[in-house]
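Report on one structure; see the data block that follows.
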Amino acid sequence: MATSFENIAKEQIHSLKFPHTDVLDNPQAISQRKVDLQRALALGNLEHSKIKIFFEDNQSKKMVETTVWALTDEQVVLKQGAGIPINRIYFAA
């Protein structure tokens, strides 16, 4: 069964609410997510490439296509200061 993600604009992220729980429970998937986000950061800074981030807020699963500007221990920072908590991200491609 395929899971569908709603495509949203990065400008909408400011209005989203995020629970504190992690969407992933597999340690390998959590580790892979970290690798994917580091790669997305490098692509954003070196090549200004956009990537797709698949995540979940308090209502549904969403996807945004954007450039990653920075990573903190807890958030992915996007253009205009928008942020997505890392623990709410499924993967980045």
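Please note that chains go A, B, ... in the order of the structure tokens, that every chain numbers its residues from 1, and that ligands are numbered from 1 in the order shown.
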
Practice item. Among the residues of region 15-71 of chain A, find those DSSP assigns to helix (DSSP H, G or I) from the backbone and print them as JSON, numbers by chain. Key: {"A": [15, 27, 28, 29, 30, 31, 32, 33, 34, 35, 36, 37, 38, 39, 40, 41, 42, 43, 44, 45, 46, 47]}

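Using only C-alpha atoms, the contacts of region 13-25 of chain A at a cut-off of 6 Å, with sequence neighbours closer than 2 positions omitted, comprise A:Lys10, A:Glu11, A:Asp57, A:Asn58, A:Ala82, A:Asn87, A:Arg88.
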
Those same residues, written as a PDB file, in the first residue's frame with N, CA, C and O atoms?
```
ATOM      1  N   LYS A  10       7.221  25.767   0.544  1.00  0.00           N
ATOM      2  CA  LYS A  10       8.026  26.025   1.743  1.00  0.00           C
ATOM      3  C   LYS A  10       7.492  27.188   2.570  1.00  0.00           C
ATOM      4  O   LYS A  10       7.677  27.237   3.780  1.00  0.00           O
ATOM      5  N   GLU A  11       6.793  28.110   1.928  1.00  0.00           N
ATOM      6  CA  GLU A  11       6.217  29.249   2.637  1.00  0.00           C
ATOM      7  C   GLU A  11       5.116  28.835   3.617  1.00  0.00           C
ATOM      8  O   GLU A  11       4.790  29.584   4.536  1.00  0.00           O
ATOM      9  N   ASP A  57       3.477  16.534   9.843  1.00  0.00           N
ATOM     10  CA  ASP A  57       3.152  17.491  10.899  1.00  0.00           C
ATOM     11  C   ASP A  57       2.104  16.847  11.801  1.00  0.00           C
ATOM     12  O   ASP A  57       1.979  15.625  11.847  1.00  0.00           O
ATOM     13  N   ASN A  58       1.324  17.641  12.525  1.00  0.00           N
ATOM     14  CA  ASN A  58       0.324  17.062  13.427  1.00  0.00           C
ATOM     15  C   ASN A  58      -0.958  16.650  12.712  1.00  0.00           C
ATOM     16  O   ASN A  58      -1.874  16.124  13.341  1.00  0.00           O
ATOM     17  N   ALA A  82      12.503  29.108   7.626  1.00  0.00           N
ATOM     18  CA  ALA A  82      11.549  28.030   7.924  1.00  0.00           C
ATOM     19  C   ALA A  82      12.327  26.808   8.409  1.00  0.00           C
ATOM     20  O   ALA A  82      13.438  26.548   7.965  1.00  0.00           O
ATOM     21  N   ASN A  87      13.124  15.072  13.730  1.00  0.00           N
ATOM     22  CA  ASN A  87      12.393  13.879  14.164  1.00  0.00           C
ATOM     23  C   ASN A  87      11.040  13.708  13.454  1.00  0.00           C
ATOM     24  O   ASN A  87      10.382  12.693  13.617  1.00  0.00           O
ATOM     25  N   ARG A  88      10.622  14.694  12.666  1.00  0.00           N
ATOM     26  CA  ARG A  88       9.364  14.591  11.917  1.00  0.00           C
ATOM     27  C   ARG A  88       9.606  14.271  10.435  1.00  0.00           C
ATOM     28  O   ARG A  88       8.659  14.202   9.650  1.00  0.00           O
TER      29      ARG A  88
END
```

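Taking only C-alpha atoms into account, Ala9 (chain A) lies nearest to A:Val64 out of the set A:Val64, A:Ile51, A:Val35, A:Val77.
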
Check your understanding: Smallest atom-to-atom distance to Phe5 (chain A): which of A:Lys61, A:Lys34, A:His48, A:Lys79, using only C-alpha atoms?
Key -> A:Lys61

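Using only C-alpha atoms, the smallest distance between any of A:Val76, A:Lys62, A:Ile86, A:Glu6 and Ser31 (chain A) comes from A:Ile86.
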
Practice item. Assign secondary structure with DSSP using the backbone only, and return the residues of chain A in strand (DSSP E) as a VMD selection string. Key: chain A and resid 6 to 7 51 to 56 61 to 66 68 to 71 75 to 78 83 to 85 89 to 92

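Coordinates place CA of Glu56 (chain A) at a distance of 12.8 Å from CA of Gly83 (chain A).
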
Exercise for review: Could you give me, as number ranges by chain, the residues within 12 Å of Val68 (chain A), counting only C-alpha atoms and dropping anything in the same chain fewer than 4 positions from it?
Suggested key: A: 10, 36-53, 64, 72, 75-84, 92-93
